[in-house]
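S.K.: What follows is a structure written as structure tokens; I'll ask about it next.
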Amino acid sequence: MKNLSRKGATAQSDSVKLEFSFASLRLCGRNTLFVAILLIFSALFIAPASSSSAFYDVVILNGRVIDPESRTDTVRNLGISNGAIKTISTSNLNGRTVIDARGLVVSPGFIDLHQHGQDDENYRFKAMDGVTTALELEVGTGDVDAWYAQRDGKSLINYGVSAGHLAARMAAMHEPVTFLPTGDAARRSATDAEIAEMKQRLEDGLKRGAIAVGFGIQYTPNASRWEILEMFRVAARYNASCHVHMRHAGVKEPGSSIQALEELIAAATITGAPLHVVHIQSTGGPATPKLLQMIAEARSRGLDVTTECYPYIAGMTDIKSAIFDEGWQEVFNIDYKDLQWAATGERLTKETFEKYRRTGGMVAVFSMTEEIVAAAIKSPLTMIASDGILERGKGHPRTAGTYSRVLGNYVRDKGALTLMEALTKMTLMPAQRLERRVPMMKNKGRIRVGADADLTIFDLRSITDKSTFQDPAQYAEGIRFVLVNGVLIVKDGGLQSDVHPGRAVRAPF
Ligand SMILES: [Zn+2]
């Protein structure tokens, strides 16, 4: 009502102005030309200015708009200009590009907190799975500036990185900085001087806008508890969440995932650093429900602890890493036959395991049950994050299928969780995880006026992951349109070439 009466008042005062102008025209004959020019001027500039504000770069019409922050789930039209959502409306909107979203879900773009593959090949598969922001927060980098510079202006989707403890440890121990350590940094304890250097390197990275601090403690089993605490202390000073692959997997004591989570909750309590436990289901295995209970209890005492999972019964890692040191069969409760060589798809034997262990390469580890995975996905505590990486088409199907698999398999087919719950785990929760340190994340993971126009539009009836352990490089189906900063990167289910609207997600520096 308020708006209506205000509109009426404006219309009235406009007509008064117009009458006044005509009166001036009659009264002051010699000023006719001046007034006429004034009128033409107003017609040319004032009128188009008001109508252009209702002409958008992109409009999305009649979609089922879901916003987890406001719990909106209703049919609306969206108007997008200059990379941001400008209006959410029930009235018809006009724009240069019109997307008919009738029958489709319009969601905030998915935010993947755990994506290792950060190149064109990987970004294409992420886009086709609905991901608009892919962040490498577990392993991270040792050179934040160089990492961002490599992607600046060249990326399909938004990207970002943490300062990595693994990289800092490799550098402090004077070995080449690779993805995962396999030399000294993987196996020996650090001197006080080396710990001091690692701290300095993490601090340098945070000062250059690294989003978080990443850890892979299972890959550095001789990193002392004190070393980890020291790294948490640095993170705490910068409000940086610690994204941690825990020290131990499984249930076998001593050295269970429960003990590993105790170490991290203690470190978060002592230092005040926010804690984010990565891929809880693949580390926890059968202990996953207990780990989730521990996180819920820690949160109920006011601790900032969060976690994530992905929807597959196998993990994947480098066969050369410390994870496969003596005793791995007991830790994961598996044998050689439960390992699948990614390059060929073959299941391993004692002989082939030893052969590949010498050369190195990615291996899938079938260590989980469907019940554990479903329990992790259903838990209100978990975000969805892929842990994805593809190299020349080889890798884990989670890279290309994590989000469509949760939506198709767990939401639509199994009814394990609601669409609102699933989208909350894919959009709002990951944005909130980071926004204390990275304020720009307050404009992601939401559909509201002023939010970034990162949007994923999909067909819930047909959304399906197509990637498999045999053939992981298969685009998901059912993602119909994806926008990154207002630019279409997926249109009618097809990837757009030659667009690079992705921007850096980076803390202020
Ligand atoms: Zn990991």
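Numbering starts fresh at 1 for the residues of each chain in the structure tokens, the chains themselves are lettered A, B, ... in the order given, and ligands are numbered from 1 as they appear.
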If the limit is 9 Å from any atom of ligand 1, counting only C-alpha atoms and all ligand atoms, which residues qualify? Return them as a PDB file with C-alpha atoms, in the first residue's frame.
M.R.:
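In the end it all went to part_14.pdb:
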```pdb
ATOM      1  CA  HIS A 114      37.735 -28.624  -1.659  1.00  0.00           C
ATOM      2  CA  GLU A 138      43.090 -28.516   1.983  1.00  0.00           C
ATOM      3  CA  VAL A 139      46.470 -28.684   0.221  1.00  0.00           C
ATOM      4  CA  PHE A 215      46.692 -29.220   6.420  1.00  0.00           C
ATOM      5  CA  GLY A 216      47.192 -32.843   5.370  1.00  0.00           C
ATOM      6  CA  GLN A 218      48.066 -37.894   7.500  1.00  0.00           C
ATOM      7  CA  TYR A 219      50.626 -37.055   4.789  1.00  0.00           C
ATOM      8  CA  VAL A 244      42.412 -30.243   7.907  1.00  0.00           C
ATOM      9  CA  HIS A 245      42.845 -33.747   6.569  1.00  0.00           C
ATOM     10  CA  MET A 246      43.152 -35.452   9.953  1.00  0.00           C
ATOM     11  CA  VAL A 278      37.708 -32.176   5.376  1.00  0.00           C
ATOM     12  CA  HIS A 279      36.050 -35.298   3.872  1.00  0.00           C
ATOM     13  CA  SER A 282      36.527 -40.954   3.979  1.00  0.00           C
ATOM     14  CA  THR A 283      38.731 -40.321   7.025  1.00  0.00           C
ATOM     15  CA  GLY A 315      38.571 -41.936  -1.765  1.00  0.00           C
ATOM     16  CA  MET A 316      41.625 -41.319  -3.934  1.00  0.00           C
ATOM     17  CA  THR A 317      45.199 -40.339  -3.233  1.00  0.00           C
ATOM     18  CA  ASP A 387      37.953 -33.182  -3.171  1.00  0.00           C
TER      19      ASP A 387
END
```
S.K.: When you look at Pro472 (chain A) with a cut-off of 6 Å (counting only C-alpha atoms), what residues show up, excluding the ones that are within fewer than 5 positions of it in the same chain? I need them as a list of chain:residue names.
M.R.: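 These residues fall inside the cut-off: A:His396, A:Pro397, A:Ser467.
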S.K.: Enter the distance from CA of Ile88 (chain A) to CA of Arg76 (chain A), in Å, rounded to one decimal.
M.R.: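 Going from CA of Ile88 (chain A) over to CA of Arg76 (chain A) covers 6.5 Å.
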S.K.: Please compute the CA of Glu351 (chain A)-CA of Ile334 (chain A) distance, one decimal, in Å.
M.R.: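 Interatomic distance, CA of Glu351 (chain A) to CA of Ile334 (chain A): 16.3 Å.
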S.K.: For Thr418 (chain A), which residue out of A:Pro380, A:Met441, A:Ala163, A:Glu253 is the nearest one, using only C-alpha atoms?
M.R.: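 Among the listed residues, A:Pro380 lies closest to Thr418 (chain A).
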S.K.: For CA of Ala273 (chain A) and CA of Asp304 (chain A), determine how far apart the two atoms are, in Å to one decimal place.
M.R.: 8.0 Å
S.K.: When distances are computed from only C-alpha atoms, which of A:Arg187, A:Arg102, A:Arg201, A:Arg398 shows the smallest separation from Arg64 (chain A)?
M.R.: A:Arg102
S.K.: Between A:Thr269, A:Gln118, A:Thr97, A:Gln259, single out the one closest to Arg301 (chain A), counting only C-alpha atoms.
M.R.: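 Checking each candidate against Arg301 (chain A), we get A:Thr269 as the closest.
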S.K.: What's the 12 Å shell around Asp204 (chain A), counting only C-alpha atoms, without same-chain residues fewer than 6 positions away, as a short mmCIF file (atom, residue, chain, number, x, y, z; two decimals) with N, CA and C atoms, in the first residue's frame?
M.R.:
```
data_model
loop_
_atom_site.label_atom_id
_atom_site.label_comp_id
_atom_site.auth_asym_id
_atom_site.auth_seq_id
_atom_site.Cartn_x
_atom_site.Cartn_y
_atom_site.Cartn_z
N THR A 141 48.64 -23.71 -1.24
CA THR A 141 49.82 -23.38 -2.02
C THR A 141 50.92 -22.81 -1.13
N GLY A 142 52.13 -22.78 -1.67
CA GLY A 142 53.24 -22.13 -0.97
C GLY A 142 53.52 -20.74 -1.52
N ASP A 143 52.86 -20.36 -2.62
CA ASP A 143 53.10 -19.05 -3.22
C ASP A 143 51.77 -18.44 -3.67
N VAL A 144 51.16 -17.69 -2.76
CA VAL A 144 49.80 -17.18 -2.96
C VAL A 144 49.73 -16.23 -4.16
N ASP A 145 50.67 -15.30 -4.26
CA ASP A 145 50.63 -14.33 -5.37
C ASP A 145 50.72 -15.04 -6.72
N SER A 162 44.24 -21.57 -0.17
CA SER A 162 44.74 -21.38 1.20
C SER A 162 46.27 -21.37 1.19
N ALA A 163 46.84 -20.92 2.30
CA ALA A 163 48.28 -21.12 2.53
C ALA A 163 48.42 -22.53 3.09
N GLY A 164 49.26 -23.36 2.46
CA GLY A 164 49.31 -24.77 2.81
C GLY A 164 50.46 -25.13 3.75
N ALA A 168 54.52 -25.38 3.04
CA ALA A 168 55.45 -24.69 3.95
C ALA A 168 56.46 -25.68 4.52
N GLU A 197 60.18 -21.45 10.51
CA GLU A 197 60.11 -21.05 9.09
C GLU A 197 58.73 -21.35 8.50
N MET A 198 58.15 -22.50 8.87
CA MET A 198 56.80 -22.83 8.39
C MET A 198 55.80 -21.77 8.82
N ALA A 210 45.63 -15.16 1.32
CA ALA A 210 45.19 -16.56 1.33
C ALA A 210 43.89 -16.66 2.14
N VAL A 213 44.01 -21.72 6.05
CA VAL A 213 45.25 -22.49 6.16
C VAL A 213 44.90 -23.96 5.97
N VAL A 234 49.04 -19.27 14.16
CA VAL A 234 49.14 -18.29 13.07
C VAL A 234 47.76 -18.06 12.45
N ALA A 235 47.07 -19.16 12.15
CA ALA A 235 45.74 -19.05 11.53
C ALA A 235 44.80 -18.20 12.40
N TYR A 238 44.78 -14.48 12.08
CA TYR A 238 44.22 -13.92 10.83
C TYR A 238 42.77 -14.36 10.61
N PHE A 509 43.91 -7.77 1.53
CA PHE A 509 45.35 -7.71 1.84
C PHE A 509 45.93 -6.38 1.40
#
```
S.K.: Could you tell me, as a list of chain:residue names, which residues of region 226-332 of chain A DSSP assigns to strand (DSSP E) when given the backbone?
M.R.: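 Restricting region 226-332 of chain A to strand (DSSP E) produces A:Cys242, A:His243, A:Val244, A:His245, A:Leu275, A:His276, A:Val277, A:Val305, A:Thr306, A:Thr307, A:Glu308, A:Cys309, A:Ala314, A:Gly315, A:Met316, A:Thr317, A:Asp318.
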S.K.: With only C-alpha atoms as the atoms that count, which of A:Leu460, A:Leu264, A:Ile372, A:Leu113 lies nearest to Ile313 (chain A)?
M.R.: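 Of A:Leu460, A:Leu264, A:Ile372, A:Leu113, the one nearest Ile313 (chain A) is A:Ile372, counting only C-alpha atoms.
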S.K.: Quick one: of A:Tyr312, A:Phe324, A:Tyr56, A:Trp341, who's nearest to Gly395 (chain A), counting only C-alpha atoms?
M.R.: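 Going through A:Tyr312, A:Phe324, A:Tyr56, A:Trp341 one by one, the smallest distance to Gly395 (chain A) is for A:Trp341.
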S.K.: Taking only region 13-262 of chain A into account, list the residues labelled helix (DSSP H, G or I) by DSSP (computed from the backbone), as a VMD selection string.
M.R.: chain A and resid 13 to 27 29 to 52 120 to 128 144 to 151 165 to 172 184 to 187 192 to 207 217 to 219 225 to 237 257 to 262
S.K.: Go ahead and write the selection's residues with C-alpha atoms as a CSV table (one decimal), in the first residue's frame.
M.R.:
```
chain,number,residue,atom,x,y,z
A,13,SER,CA,3.5,15.8,-9.4
A,14,ASP,CA,4.8,14.9,-12.9
A,15,SER,CA,1.6,16.0,-14.5
A,16,VAL,CA,1.7,19.3,-12.5
A,17,LYS,CA,5.2,19.9,-13.9
A,18,LEU,CA,4.0,19.2,-17.4
A,19,GLU,CA,1.1,21.7,-17.1
A,20,PHE,CA,3.5,24.3,-15.7
A,21,SER,CA,5.7,23.8,-18.7
A,22,PHE,CA,2.9,24.3,-21.2
A,23,ALA,CA,1.8,27.4,-19.2
A,24,SER,CA,5.3,28.8,-19.5
A,25,LEU,CA,5.2,28.0,-23.2
A,26,ARG,CA,2.0,30.1,-23.6
A,27,LEU,CA,3.1,33.0,-21.4
A,29,GLY,CA,6.5,33.4,-26.3
A,30,ARG,CA,10.1,34.4,-26.7
A,31,ASN,CA,11.3,31.6,-24.5
A,32,THR,CA,9.4,29.0,-26.6
A,33,LEU,CA,12.5,27.7,-28.2
A,34,PHE,CA,14.2,27.3,-24.9
A,35,VAL,CA,11.3,25.5,-23.3
A,36,ALA,CA,11.0,23.3,-26.4
A,37,ILE,CA,14.6,22.3,-26.1
A,38,LEU,CA,14.1,21.6,-22.4
A,39,LEU,CA,11.2,19.4,-23.2
A,40,ILE,CA,13.1,17.5,-25.9
A,41,PHE,CA,16.0,17.2,-23.5
A,42,SER,CA,13.8,15.7,-20.8
A,43,ALA,CA,12.2,13.3,-23.3
A,44,LEU,CA,15.6,12.1,-24.6
A,45,PHE,CA,17.4,11.8,-21.3
A,46,ILE,CA,15.0,11.6,-18.4
A,47,ALA,CA,12.5,9.1,-19.9
A,48,PRO,CA,15.1,6.7,-21.3
A,49,ALA,CA,17.0,6.8,-18.0
A,50,SER,CA,14.0,5.6,-16.1
A,51,SER,CA,13.1,2.8,-18.5
A,52,SER,CA,16.8,1.6,-18.9
A,120,ASP,CA,40.7,-25.2,-17.5
A,121,GLU,CA,40.1,-29.0,-17.7
A,122,ASN,CA,38.8,-29.1,-14.1
A,123,TYR,CA,36.9,-25.9,-14.3
A,124,ARG,CA,34.9,-27.2,-17.3
A,125,PHE,CA,33.8,-30.3,-15.3
A,126,LYS,CA,33.0,-28.2,-12.2
A,127,ALA,CA,30.8,-25.8,-14.3
A,128,MET,CA,28.9,-28.7,-15.8
A,144,VAL,CA,49.8,-17.2,-3.0
A,145,ASP,CA,50.6,-14.3,-5.4
A,146,ALA,CA,51.9,-16.7,-8.1
A,147,TRP,CA,48.8,-18.9,-7.7
A,148,TYR,CA,46.3,-16.1,-8.2
A,149,ALA,CA,48.4,-14.5,-11.0
A,150,GLN,CA,48.2,-17.8,-13.0
A,151,ARG,CA,44.4,-17.6,-13.1
A,165,HIS,CA,51.2,-26.4,5.7
A,166,LEU,CA,52.3,-29.2,3.4
A,167,ALA,CA,54.0,-26.6,1.0
A,168,ALA,CA,55.4,-24.7,4.0
A,169,ARG,CA,56.9,-27.9,5.4
A,170,MET,CA,58.4,-29.0,2.0
A,171,ALA,CA,60.0,-25.6,1.6
A,172,ALA,CA,61.3,-25.4,5.1
A,184,ASP,CA,61.7,-35.8,4.2
A,185,ALA,CA,58.7,-33.5,4.6
A,186,ALA,CA,56.5,-36.6,4.6
A,187,ARG,CA,58.4,-38.6,7.1
A,192,ASP,CA,62.4,-25.7,16.0
A,193,ALA,CA,64.0,-23.6,13.3
A,194,GLU,CA,62.0,-25.4,10.6
A,195,ILE,CA,58.7,-25.0,12.5
A,196,ALA,CA,59.6,-21.2,12.8
A,197,GLU,CA,60.1,-21.0,9.1
A,198,MET,CA,56.8,-22.8,8.4
A,199,LYS,CA,55.0,-20.3,10.6
A,200,GLN,CA,56.6,-17.5,8.7
A,201,ARG,CA,55.6,-18.9,5.4
A,202,LEU,CA,52.0,-19.4,6.4
A,203,GLU,CA,51.9,-15.8,7.8
A,204,ASP,CA,53.4,-14.5,4.5
A,205,GLY,CA,50.6,-16.3,2.6
A,206,LEU,CA,47.9,-15.0,4.8
A,207,LYS,CA,49.3,-11.5,4.4
A,217,ILE,CA,48.5,-34.3,8.6
A,218,GLN,CA,48.1,-37.9,7.5
A,219,TYR,CA,50.6,-37.1,4.8
A,225,ARG,CA,51.3,-32.0,17.9
A,226,TRP,CA,53.2,-28.9,18.9
A,227,GLU,CA,54.0,-28.2,15.2
A,228,ILE,CA,50.3,-28.3,14.4
A,229,LEU,CA,49.4,-26.1,17.3
A,230,GLU,CA,52.0,-23.5,16.2
A,231,MET,CA,50.3,-23.4,12.7
A,232,PHE,CA,46.9,-23.0,14.3
A,233,ARG,CA,48.2,-20.1,16.3
A,234,VAL,CA,49.1,-18.3,13.1
A,235,ALA,CA,45.7,-19.1,11.5
A,236,ALA,CA,43.9,-17.7,14.6
A,237,ARG,CA,45.7,-14.3,14.4
A,257,SER,CA,40.1,-40.9,13.6
A,258,ILE,CA,38.4,-40.2,17.0
A,259,GLN,CA,41.9,-39.5,18.5
A,260,ALA,CA,42.8,-37.4,15.5
A,261,LEU,CA,39.6,-35.3,15.9
A,262,GLU,CA,40.4,-34.8,19.6
```
